[in-house]
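Q: I have a structure here, written as structure tokens, and I will follow up with some questions on it.
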Amino acid sequence: MAPQKKADEEDHDQELEMDLDDDDEWDVSLRPRGSSMSAPLSSSSPHDRPNNGPNIMHALEVDDITALPARVSMPSMASSAAARAQCLDRRSSWLDTAFLLVADIVGTGILGLAAQVARLGWGAGVFFLLVIYPLNIYSGLLLQRLHIAYPATQSYPDIGYAVLGPRWGKIVAVALYAYFFFVLGNYAQVLTQSLQGIFPTSQLCMPHFGLIVTLCLLPFIQLRSMHSLSGLAVVSAVTIFTPLALCVAAIVKHAPTPRPVVPSGVPAGTSFLDAMESFTGILFAYSGQSIYPNLLSEMRKPEEFAYSLSAAAPVLVGSYFVAAAVG
């Protein structure tokens, strides 16, 4: 039994053979202990080049892989990225992704569209409402091409790391999560004020309502994938468009006579800062690119992302025109 056990241990043990050539590069290969055959991780071997210096041979147990120098070149990272891409949870269809797009894009930005178009005038307001979403689609198509080229990417930091390197990956991560921090703070404030408006006679102050909102959101933010949110996206769409329809009906029923007329050009008295504020408000209403890489990473067929963008277009543009015109 002892020789058999020893043979089994030798079959399962692996060691790393590292050859240092005259260019001070490492060639790392895995081979079973006691075997002269090796399976190099690199497609190019330093032995293909003249070696004027002695080879330095050193055997390490596989468990000591973390002790390797930082300069060890591991070209197998490409195969690791491919393996990571195969492990992505790709369950979403293009229709699921379209619902998620609508739920993500149609948010608090729709509430201020009427005032923003009124400040810009009908001409500029309609122009921006029509032009910005095609730009959104174009940016989505560019991100789709990036994801197909780098299928292991799941977020903007991943794309920055893959395309520009680790340093830019970290810079992109800081910028992205700073953006999320402020946008989610804005959403939390709107939720808090809305809840406070439902109970105007309550003795609770705004921080108390904010705590209630946070506790209500806790169960939902435990969901760790976009696909798991696809069902909630339908609920989100209903909770957005139902109040919008009620507000439109109330405005039409109780509209003053005569109604104020919005000029086709920029109204007199609108400053440059007011116009830019209105433009960026419309831009924010269409923004959703921050989660496009996440959506692409969960699609069964990422090449169908264009279908999702196109399917969401009439819902987004139509609802925004209604909100801007009636409001």
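Going through the structure tokens in order, the chains are called A, B, and so on, while each chain numbers its residues from 1 and the ligands are numbered from 1 in the order shown.
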List the spatial neighbours of A:Leu95 as a list of chain:residue names - criterion: any atom at most 9 Å away, only C-alpha atoms, same-chain residues fewer than 2 positions off excluded.
A: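 The neighbour list is A:Ser92, A:Ser93, A:Thr97, A:Ala98, A:Phe99, A:Leu100, A:Tyr307, A:Ser308, A:Ala311.
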Q: As a ChimeraX atom specification, please: every residue in stretch 201-288 of chain A that DSSP puts in helix (DSSP H, G or I).
A: /A:206-217,220-222,227-253,272-286
Q: Tell me which of A:Asp104, A:Val326, A:Leu229, A:Asp274 sits closest to A:Ala250, counting only C-alpha atoms.
A: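 Nearest candidate to A:Ala250 out of A:Asp104, A:Val326, A:Leu229, A:Asp274: A:Val326.
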Q: To one decimal place in Å, what is the distance between atom CA of A:Gly140 and atom CA of A:Gln289?
A: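 A separation of 6.9 Å between them.
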Q: One decimal, in Å: what's the spacing between atom CA of A:Ala152 and atom CA of A:Leu296?
A: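 The value is 10.4 Å.
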Q: Residues of stretch 214-322 of chain A that approach stretch 177-194 of chain A to 12 Å or less, counting only C-alpha atoms: could you list each one with the shortest pair of atoms and its distance in Å to one decimal, rows by chain and increasing residue number, as JSON lines?
A:
{"residue": "A:Thr214", "atom": "CA", "partner": "A:Ala188", "partner_atom": "CA", "distance": 7.9}
{"residue": "A:Leu215", "atom": "CA", "partner": "A:Ala188", "partner_atom": "CA", "distance": 11.6}
{"residue": "A:Cys216", "atom": "CA", "partner": "A:Leu191", "partner_atom": "CA", "distance": 10.7}
{"residue": "A:Leu217", "atom": "CA", "partner": "A:Ala188", "partner_atom": "CA", "distance": 9.7}
{"residue": "A:Phe284", "atom": "CA", "partner": "A:Val183", "partner_atom": "CA", "distance": 10.3}
{"residue": "A:Ser287", "atom": "CA", "partner": "A:Val183", "partner_atom": "CA", "distance": 11.2}
{"residue": "A:Gly288", "atom": "CA", "partner": "A:Phe180", "partner_atom": "CA", "distance": 11.5}
{"residue": "A:Gln289", "atom": "CA", "partner": "A:Tyr179", "partner_atom": "CA", "distance": 11.9}
{"residue": "A:Ser290", "atom": "CA", "partner": "A:Phe180", "partner_atom": "CA", "distance": 8.6}
{"residue": "A:Ile291", "atom": "CA", "partner": "A:Phe180", "partner_atom": "CA", "distance": 10.3}
Q: Keeping N, CA and C atoms for every residue in the selection just given, could you write it to a file as a PDB file, in the first residue's frame?
A:
ATOM      1  N   THR A 214     -34.599  53.496   3.192  1.00  0.00           N
ATOM      2  CA  THR A 214     -33.424  52.627   3.154  1.00  0.00           C
ATOM      3  C   THR A 214     -33.771  51.203   3.571  1.00  0.00           C
ATOM      4  N   LEU A 215     -34.561  51.056   4.622  1.00  0.00           N
ATOM      5  CA  LEU A 215     -34.951  49.727   5.084  1.00  0.00           C
ATOM      6  C   LEU A 215     -35.822  49.018   4.053  1.00  0.00           C
ATOM      7  N   CYS A 216     -36.668  49.783   3.359  1.00  0.00           N
ATOM      8  CA  CYS A 216     -37.513  49.174   2.324  1.00  0.00           C
ATOM      9  C   CYS A 216     -36.685  48.697   1.133  1.00  0.00           C
ATOM     10  N   LEU A 217     -35.586  49.391   0.857  1.00  0.00           N
ATOM     11  CA  LEU A 217     -34.760  49.031  -0.290  1.00  0.00           C
ATOM     12  C   LEU A 217     -33.809  47.872  -0.006  1.00  0.00           C
ATOM     13  N   PHE A 284     -29.667  63.897 -18.963  1.00  0.00           N
ATOM     14  CA  PHE A 284     -29.748  62.983 -17.822  1.00  0.00           C
ATOM     15  C   PHE A 284     -30.958  62.066 -17.938  1.00  0.00           C
ATOM     16  N   SER A 287     -29.983  59.119 -19.915  1.00  0.00           N
ATOM     17  CA  SER A 287     -28.752  58.421 -19.545  1.00  0.00           C
ATOM     18  C   SER A 287     -29.060  57.029 -18.993  1.00  0.00           C
ATOM     19  N   GLY A 288     -28.299  56.067 -19.460  1.00  0.00           N
ATOM     20  CA  GLY A 288     -28.431  54.708 -18.967  1.00  0.00           C
ATOM     21  C   GLY A 288     -27.198  53.888 -19.273  1.00  0.00           C
ATOM     22  N   GLN A 289     -26.213  54.564 -19.912  1.00  0.00           N
ATOM     23  CA  GLN A 289     -25.023  53.841 -20.353  1.00  0.00           C
ATOM     24  C   GLN A 289     -24.202  53.276 -19.211  1.00  0.00           C
ATOM     25  N   SER A 290     -24.427  53.759 -18.006  1.00  0.00           N
ATOM     26  CA  SER A 290     -23.605  53.304 -16.880  1.00  0.00           C
ATOM     27  C   SER A 290     -23.751  51.814 -16.604  1.00  0.00           C
ATOM     28  N   ILE A 291     -24.899  51.219 -17.000  1.00  0.00           N
ATOM     29  CA  ILE A 291     -25.085  49.786 -16.742  1.00  0.00           C
ATOM     30  C   ILE A 291     -25.062  48.955 -18.025  1.00  0.00           C
TER      31      ILE A 291
END
Q: Neighbours of A:Gly107 within 9 Å (only C-alpha atoms; same-chain residues fewer than 5 positions away dropped), as a count of residues only?
A: 4
Q: What is the distance, in Å and to one decimal place, between atom CA of A:Leu295 and atom CA of A:Gly318?
A: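 Separating atom CA of A:Leu295 from atom CA of A:Gly318 is a distance of 23.1 Å.
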Q: Near A:Tyr150, counting only C-alpha atoms, which residues have an atom at most 10 Å away, once you skip same-chain residues fewer than 2 positions from it, shown as a PyMOL selection string?
A: chain A and resi 81-82+85+144-148+152-154+158-159+162-163
Q: When you count only C-alpha atoms, which of these residues is closest to A:Gln116: A:Glu277, A:Glu304, A:Glu298, A:Asp89?
A: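 Distance minimum relative to A:Gln116 lands on A:Glu277.
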Q: Just want the 9 Å neighbourhood of stretch 125-138 of chain A, counted on only C-alpha atoms, with same-chain residues fewer than 5 positions away dropped. Output as a PyMOL selection string.
A: chain A and resi 116-120+143+264+278-279+282-283+286-289+306+309-310+313+316-317+320-321+324
